[in-house]
Amino acid sequence: MAGFYRSLEEAFGDNREEDIPGFELDDGFDDCITEKLINGDPIEDCFGDGEPISIWPNGGGGGCARRLLVLTDRMVGDEWKDLENFLVDYIGRCRPPLIKIQFHGTYWSMRSLGLLTPKVRGAKKVERFARLINTGRPKILFQFDFFQTEVGMKERLYLV
């Protein structure tokens, strides 16, 4: 059942019959990245368990990994179409091994990219994109970690 979820448990429960290997990557890495971004610290401190991770934008390079990290604050000025084109290309080249895409950044950067709505929900066009992508195998888990430090907001959405 494709859609946005506010908890991993809810997403897993509704999709128990589906083979979504990205659920296995719930390892605390995402929390570390978000905390580093909120505090303005280097995210490199979160790496080190030896698993390759792809990061976008990265100034080039296109290595494939099980996890893709998209830093939305570095994409200010880009539009959904730019991100969509990159994702289609990356997924086409890298699935498998790709099983999880994590978006990290401020609420405002995700809104400007068209990932979130003004009501702090996932955008329908992103849901349609995930539904289309997940007709292939393995299915990809999409995760959105966003924050707004001025009001103390820190949230996470999952899209299956």
# chains A, B, ... in the order shown; residues from 1 in each chain; ligands from 1
$ residues_around --residues "Ile140 of chain A" --least-positions-apart "5" --cutoff "8 Å" --atoms "only C-alpha atoms" --output "PDB file with C-alpha atoms, in the first residue's frame"
ATOM      1  CA  ILE A  20      10.907  -3.916   1.078  1.00  0.00           C
ATOM      2  CA  PRO A  21      14.525  -4.523   2.102  1.00  0.00           C
ATOM      3  CA  GLY A  22      15.110  -0.860   3.061  1.00  0.00           C
ATOM      4  CA  LEU A  98      19.899   0.526  -3.905  1.00  0.00           C
ATOM      5  CA  ILE A  99      17.167  -0.166  -1.327  1.00  0.00           C
ATOM      6  CA  LYS A 100      16.795   3.129   0.597  1.00  0.00           C
ATOM      7  CA  ILE A 101      16.815   6.836  -0.294  1.00  0.00           C
ATOM      8  CA  ILE A 133       9.593   3.475  -9.116  1.00  0.00           C
ATOM      9  CA  ASN A 134       8.408   0.686  -6.843  1.00  0.00           C
ATOM     10  CA  VAL A 160       6.715   3.127   0.511  1.00  0.00           C
TER      11      VAL A 160
END
$ select_by_dssp --residues "segment 51-153 of chain A" --states "helix (DSSP H, G or I)" --output "count of residues only"
38
$ select_by_dssp --residues "chain A" --states "strand (DSSP E)" --output "PyMOL selection string"
chain A and resi 4-5+54-56+67-71+100-106+141-148+153-159
$ closest_residue --among "A:Lys119, A:Arg137, A:Arg156, A:Lys81" --to "Tyr5 of chain A" --atoms "only C-alpha atoms"
A:Arg156
$ residues_around --residues "Asn15 of chain A" --least-positions-apart "2" --cutoff "12 Å" --atoms "only C-alpha atoms" --output "short mmCIF file (atom, residue, chain, number, x, y, z; two decimals) with C-alpha atoms, in the first residue's frame"
data_model
loop_
_atom_site.label_atom_id
_atom_site.label_comp_id
_atom_site.auth_asym_id
_atom_site.auth_seq_id
_atom_site.Cartn_x
_atom_site.Cartn_y
_atom_site.Cartn_z
CA MET A 1 0.00 0.00 0.00
CA ALA A 2 1.89 3.07 -1.25
CA GLY A 3 1.79 6.22 0.82
CA PHE A 4 3.44 8.41 3.43
CA TYR A 5 3.80 7.26 7.04
CA LEU A 8 8.54 3.06 10.59
CA GLU A 9 6.30 0.66 12.51
CA GLU A 10 3.20 1.93 10.70
CA ALA A 11 4.94 1.73 7.31
CA PHE A 12 6.15 -1.80 8.01
CA GLY A 13 2.77 -2.90 9.38
CA GLU A 17 3.31 -8.59 2.73
CA GLU A 18 5.67 -6.59 0.50
CA ASP A 19 9.37 -7.27 0.10
CA ILE A 20 10.91 -3.92 1.08
CA PRO A 21 14.53 -4.52 2.10
CA GLY A 22 15.11 -0.86 3.06
CA PHE A 23 13.40 -1.52 6.40
CA LYS A 139 11.30 -1.93 -3.75
CA LEU A 141 12.11 2.79 0.97
CA TYR A 158 8.48 7.32 5.30
CA LEU A 159 7.21 6.64 1.80
CA VAL A 160 6.72 3.13 0.51
#
$ atom_distance --atom1 "atom CA of Asp73 of chain A" --atom2 "atom CA of Val120 of chain A"
16.8 Å
$ closest_atom_pairs --of "segment 42-158 of chain A" --to "segment 27-30 of chain A" --cutoff "10 Å" --atoms "only C-alpha atoms" --output "CSV"
residue,atom,partner,partner_atom,distance
A:Cys46,CA,A:Phe29,CA,6.5
A:Phe47,CA,A:Phe29,CA,8.0
A:Asp49,CA,A:Phe29,CA,9.9
A:Leu69,CA,A:Asp30,CA,9.2
A:Gln102,CA,A:Asp30,CA,7.7
A:Phe103,CA,A:Asp30,CA,9.3
A:His104,CA,A:Asp30,CA,8.3
A:Gln143,CA,A:Asp30,CA,9.1
A:Phe144,CA,A:Asp30,CA,9.6
A:Asp145,CA,A:Asp30,CA,7.8
A:Arg156,CA,A:Asp30,CA,9.9
$ write_last_selection --atoms "C-alpha atoms" --output "CSV table (one decimal), in the first residue's frame"
chain,number,residue,atom,x,y,z
A,46,CYS,CA,28.4,9.7,11.1
A,47,PHE,CA,30.3,7.5,8.7
A,49,ASP,CA,31.0,1.4,9.9
A,69,LEU,CA,21.7,10.3,1.0
A,102,GLN,CA,17.1,9.3,2.6
A,103,PHE,CA,16.4,13.0,2.2
A,104,HIS,CA,17.8,15.2,4.9
A,143,GLN,CA,12.7,8.5,4.1
A,144,PHE,CA,12.4,12.3,4.7
A,145,ASP,CA,14.1,13.8,7.7
A,156,ARG,CA,10.4,12.1,9.7
$ residues_around --residues "Trp80 of chain A" --least-positions-apart "2" --cutoff "8 Å" --atoms "only C-alpha atoms" --output "mmCIF file with C-alpha atoms, in the first residue's frame"
data_model
loop_
_atom_site.group_PDB
_atom_site.id
_atom_site.type_symbol
_atom_site.label_atom_id
_atom_site.label_comp_id
_atom_site.auth_asym_id
_atom_site.auth_seq_id
_atom_site.Cartn_x
_atom_site.Cartn_y
_atom_site.Cartn_z
ATOM 1 C CA ASP A 78 16.836 23.367 -7.989
ATOM 2 C CA ASP A 82 15.958 18.350 -11.484
ATOM 3 C CA LEU A 83 15.831 15.987 -8.518
ATOM 4 C CA GLU A 84 13.427 13.642 -10.303
ATOM 5 C CA LEU A 113 12.059 21.180 -4.018
ATOM 6 C CA GLY A 114 8.392 20.184 -3.934
ATOM 7 C CA LEU A 115 8.900 17.226 -1.579
#
$ closest_residue --among "A:Arg67, A:Arg6, A:Gly40, A:Ile91" --to "Pro52 of chain A" --atoms "only C-alpha atoms"
A:Arg67
$ closest_residue --among "A:Asp45, A:Thr135, A:Thr72, A:Asp31" --to "Pro57 of chain A" --atoms "only C-alpha atoms"
A:Thr72
$ residues_around --residues "Phe146 of chain A" --least-positions-apart "2" --cutoff "6 Å" --atoms "only C-alpha atoms" --output "PyMOL selection string"
chain A and resi 104-107+154-155
$ atom_distance --atom1 "atom CA of Leu68 of chain A" --atom2 "atom CA of Glu44 of chain A"
14.7 Å
